[in-house]
Amino acid sequence: MNTLLSVSIALLAGLLMTRLFKPLKLPSVTAYLMAGVLIGPYCMGALGIEGLGFPAMENVSRLALVSEVALGFIAFSIGNEFRVEELKKTGRQALVIGVFQALVATLFVDIALFAVHYFMPDKLSLAQVLTLGAIATATAPAATLMVVRQYKAKGPLTSLLLPIVALDDAVGLVVFAVSFGIAKTLVSGNVDVISIILNPLIEIVCSLLLGAVMGWILTQLEKMFNSNTNRLNLTIAFVFLTTSLSMLKFEIGSVHIGFSSLLVCMMLGTVFCNICPLSHDLMDASDRWTSPLFALFFVISGAELELGVFADMAIVFIGIVYILFRSAGKYYGAYASAKLTKCSPSICKYLGITLLPQAGVALGMCTTAMQLGAQGNLIRNITLFAVLIYEVFGPVMTREALKAAGDIQPMSDEVKNRRQNKLEAAKTKKNQ
C-alpha cells in the first residue's frame, strides 16, 4: 500500500507543481524535478510520514523499476528519430557531431580536473579524474525529449539534436569503459585489457543485436492484429519485455556480457519505425500513453538528488569545475563539429546548449564507479552535485536554445483565440 501511495503522491505532486511553475514559464520537467526534491528525504520526507514522501533513499529505490521502464520508453521514442529517410539528410552530421562533442567534453574535463589533482592531490586522485572525464560524455535523453514534446519543437536543430543525444550513449559507454578500466588499473595495479576494450564493445554489439531482433519480431507480430488498439497494446508490451531482457547479465570466464537498456530500446524503436508501415501512428499513440510515466520518472529523479553534497566545500568546488568545463566542452565541441559539417549558423550557435542536461546515464556510470571503493564515493557525490545543477537549469536552457533557433514557435493568435473561445463556451454552458 505504501508503494502505491508513494507513486500516487509523486505523480500528483509533479502535476500540481507544474501549475505553481506556470507563471514562471518554466518547462514541466523542471517542475517535476522540484516536486521530487520537495517530497524527497531532505524536505517532506524528513518528517518521516511513510507514503506522503520519501523518508529515506531506500524508499526512493523501491520505485527504481518505474525509472527503468520509463527510460525504456524514452529510448524507444528516440529510436523513432533514426528513420532512414531522415538519416540520409542528417546522418553524417549527427555522427560527426555526436562523437566529437562527447570526446571534447571528456578532454576539457580531464584537463581541468588534472590541474585540480596537481594542486590538490589529496582531494582528487588521477583515477577519479579519468572517471569523471568519461562521465562528462553523457547527455540526458529524457529531459531533452520532454522539452521537445512539451513545446512541440520542430526544425533543423531538433532533427539533429535527438540522434546526437542517442549517439551520446554509445560513445559514452566506450569512453567510460576505457577510462574506468584505466582508473581501476591505477587503483589496483592490475592491467585488465578485457574490461578496458573487449567488454564495452561486446555490450554495444549485443545491445544493438538484441534491439534489432526484438524490433523485427514486434513488426511481424503486428501483422496478426487489425485493431490499432491491440497493436498499441502489443507495442507497449514489447517495450516492457525488451527492457526486462536488457537487464540480463552473463559471465563467460573473464568476459562480461551485458546490455545497455537505452541502446537496446533505441534499436527496438529504430528497427520498428523503419520496417513497420504503421509505426508513425503507433509511435504517436505510444507517446500519449507514456506521458504520466515520464512525469513520474522525473519526480523520482528529483527525489534521488542528494542535497547533502552541498555540505562538503571540496565537492562543491570540484563540482563547479566539472560543470563549467563539461559545459564548455559540450558547447565548443558541438560548435566546431557543426561548423565542420557545414550546419546552419543557428545550429552551430545553439546546439551545444541543448546538450547540457545530464542525469540517468551519468548516474549509472557513477554507480559503476563505486567499484573503486572509497574513491568511488567522491565521484558519486560530484556527479550528483552536477546532475542537480544540470537538471534544474538544463531544460530551461534547452528550451531557450530551441526557441532562439526557431524550432519552438510562439503560439499563434489563431490558436490563442480558439482556446479562449473554448474556455468562454465552457463557462457559458456551466452557467446555463
# chains A, B, ... in the order shown; residues from 1 in each chain; ligands from 1

$ residues_around --residues "A:Lys249" --least-positions-apart "4" --cutoff "9 Å" --atoms "only C-alpha atoms" --output "JSON, numbers by chain"
{"A": [256, 257, 258, 259]}

$ write_last_selection --atoms "N, CA and C atoms" --output "compact mmCIF listing (two decimals), in the first residue's frame"
# COMPACT_ATOMS: atom_id res chain seq x y z
N HIS A 256 32.53 -10.28 -19.69
CA HIS A 256 31.22 -9.89 -19.16
C HIS A 256 30.29 -9.55 -20.31
N ILE A 257 29.12 -10.22 -20.35
CA ILE A 257 28.14 -9.96 -21.40
C ILE A 257 26.93 -9.30 -20.75
N GLY A 258 26.72 -8.05 -21.06
CA GLY A 258 25.59 -7.30 -20.52
C GLY A 258 24.98 -6.43 -21.60
N PHE A 259 23.96 -5.69 -21.26
CA PHE A 259 23.25 -4.87 -22.23
C PHE A 259 23.03 -3.47 -21.67

$ residues_around --residues "stretch 137-151 of chain A" --least-positions-apart "4" --cutoff "7 Å" --atoms "only C-alpha atoms" --output "PyMOL selection string"
chain A and resi 27+29+74+102-103+105-106+165-166+168-169+172+355-362+395+399+408

$ residues_around --residues "A:Leu372" --least-positions-apart "6" --cutoff "12 Å" --atoms "only C-alpha atoms" --output "list of chain:residue names"
A:Ser125, A:Ala127, A:Gln128, A:Thr131, A:Phe180, A:Gly181, A:Ile182, A:Ala183, A:Lys184, A:Thr185, A:Leu186, A:Val187, A:Ser188, A:Cys366, A:Leu378, A:Ile379, A:Arg380

$ write_last_selection --atoms "N, CA and C atoms" --output "compact mmCIF listing (two decimals), in the first residue's frame"
# COMPACT_ATOMS: atom_id res chain seq x y z
N SER A 125 42.20 12.14 -6.93
CA SER A 125 43.22 11.25 -7.49
C SER A 125 43.12 11.22 -9.01
N ALA A 127 42.81 8.57 -10.85
CA ALA A 127 41.74 7.63 -11.21
C ALA A 127 40.38 8.33 -11.20
N GLN A 128 40.17 9.20 -10.24
CA GLN A 128 38.92 9.96 -10.16
C GLN A 128 38.81 10.95 -11.30
N THR A 131 37.79 9.02 -14.48
CA THR A 131 36.41 8.55 -14.40
C THR A 131 35.42 9.69 -14.60
N PHE A 180 37.47 4.06 -17.22
CA PHE A 180 37.29 3.41 -15.93
C PHE A 180 38.19 2.19 -15.80
N GLY A 181 38.43 1.50 -16.92
CA GLY A 181 39.38 0.38 -16.89
C GLY A 181 40.77 0.84 -16.50
N ILE A 182 41.19 1.98 -17.06
CA ILE A 182 42.49 2.55 -16.70
C ILE A 182 42.49 3.00 -15.25
N ALA A 183 41.39 3.59 -14.81
CA ALA A 183 41.27 4.05 -13.41
C ALA A 183 41.41 2.87 -12.44
N LYS A 184 40.74 1.75 -12.76
CA LYS A 184 40.85 0.57 -11.90
C LYS A 184 42.28 0.04 -11.88
N THR A 185 42.96 0.14 -13.03
CA THR A 185 44.36 -0.29 -13.09
C THR A 185 45.23 0.58 -12.18
N LEU A 186 44.98 1.90 -12.19
CA LEU A 186 45.75 2.81 -11.33
C LEU A 186 45.53 2.51 -9.84
N VAL A 187 44.30 2.11 -9.50
CA VAL A 187 43.97 1.84 -8.10
C VAL A 187 44.50 0.48 -7.66
N SER A 188 44.30 -0.54 -8.50
CA SER A 188 44.68 -1.91 -8.11
C SER A 188 46.07 -2.32 -8.57
N CYS A 366 28.27 6.51 -12.48
CA CYS A 366 28.88 6.74 -11.16
C CYS A 366 28.56 5.60 -10.20
N LEU A 378 33.53 9.86 -3.77
CA LEU A 378 33.72 11.24 -4.22
C LEU A 378 33.18 11.42 -5.64
N ILE A 379 33.44 10.44 -6.50
CA ILE A 379 32.94 10.51 -7.88
C ILE A 379 31.41 10.58 -7.88
N ARG A 380 30.80 9.75 -7.05
CA ARG A 380 29.34 9.72 -6.98
C ARG A 380 28.79 11.06 -6.49

$ residues_around --residues "stretch 381-385 of chain A" --least-positions-apart "2" --cutoff "7 Å" --atoms "only C-alpha atoms" --output "PyMOL selection string"
chain A and resi 305-306+309+315+319+366+377-379+387-389

$ select_by_dssp --residues "stretch 83-231 of chain A" --states "helix (DSSP H, G or I)" --output "VMD selection string"
chain A and resid 84 to 119 126 to 135 141 to 150 156 to 188 193 to 222 228 to 231

$ atom_distance --atom1 "atom CA of A:Tyr331" --atom2 "atom CA of A:Cys348"
9.1 Å

$ atom_distance --atom1 "atom CA of A:Phe250" --atom2 "atom CA of A:Val171"
22.5 Å

$ closest_atom_pairs --of "stretch 280-366 of chain A" --to "stretch 224-241 of chain A" --cutoff "8 Å" --atoms "only C-alpha atoms" --output "tab-separated table"
residue	atom	partner	partner_atom	distance
A:Leu282	CA	A:Leu232	CA	6.0
A:Ala285	CA	A:Leu232	CA	7.1
A:Ser286	CA	A:Leu232	CA	6.8

$ residues_around --residues "A:Leu157" --least-positions-apart "6" --cutoff "10 Å" --atoms "only C-alpha atoms" --output "PyMOL selection string"
chain A and resi 343-344+346-348+350-351+354+401-402+405-407

$ write_last_selection --atoms "C-alpha atoms" --output "PDB file, in the first residue's frame"
ATOM      1  CA  CYS A 343      25.450  23.112 -40.471  1.00  0.00           C
ATOM      2  CA  SER A 344      23.448  26.340 -40.467  1.00  0.00           C
ATOM      3  CA  SER A 346      21.750  28.760 -35.823  1.00  0.00           C
ATOM      4  CA  ILE A 347      22.628  25.080 -35.291  1.00  0.00           C
ATOM      5  CA  CYS A 348      26.299  25.953 -34.750  1.00  0.00           C
ATOM      6  CA  TYR A 350      22.658  26.781 -30.183  1.00  0.00           C
ATOM      7  CA  LEU A 351      23.242  23.025 -30.500  1.00  0.00           C
ATOM      8  CA  THR A 354      20.819  21.760 -25.811  1.00  0.00           C
ATOM      9  CA  ALA A 401      18.130  27.478 -27.325  1.00  0.00           C
ATOM     10  CA  LEU A 402      15.396  25.758 -29.350  1.00  0.00           C
ATOM     11  CA  ALA A 405      16.948  28.679 -33.198  1.00  0.00           C
ATOM     12  CA  GLY A 406      13.332  28.975 -34.345  1.00  0.00           C
ATOM     13  CA  ASP A 407      12.385  25.356 -33.589  1.00  0.00           C
TER      14      ASP A 407
END

$ closest_residue --among "A:Glu85, A:Asp281, A:Asp122, A:Glu304" --to "A:Gly40" --atoms "only C-alpha atoms"
A:Glu304

$ atom_distance --atom1 "atom CA of A:Phe100" --atom2 "atom CA of A:Ile135"
15.1 Å
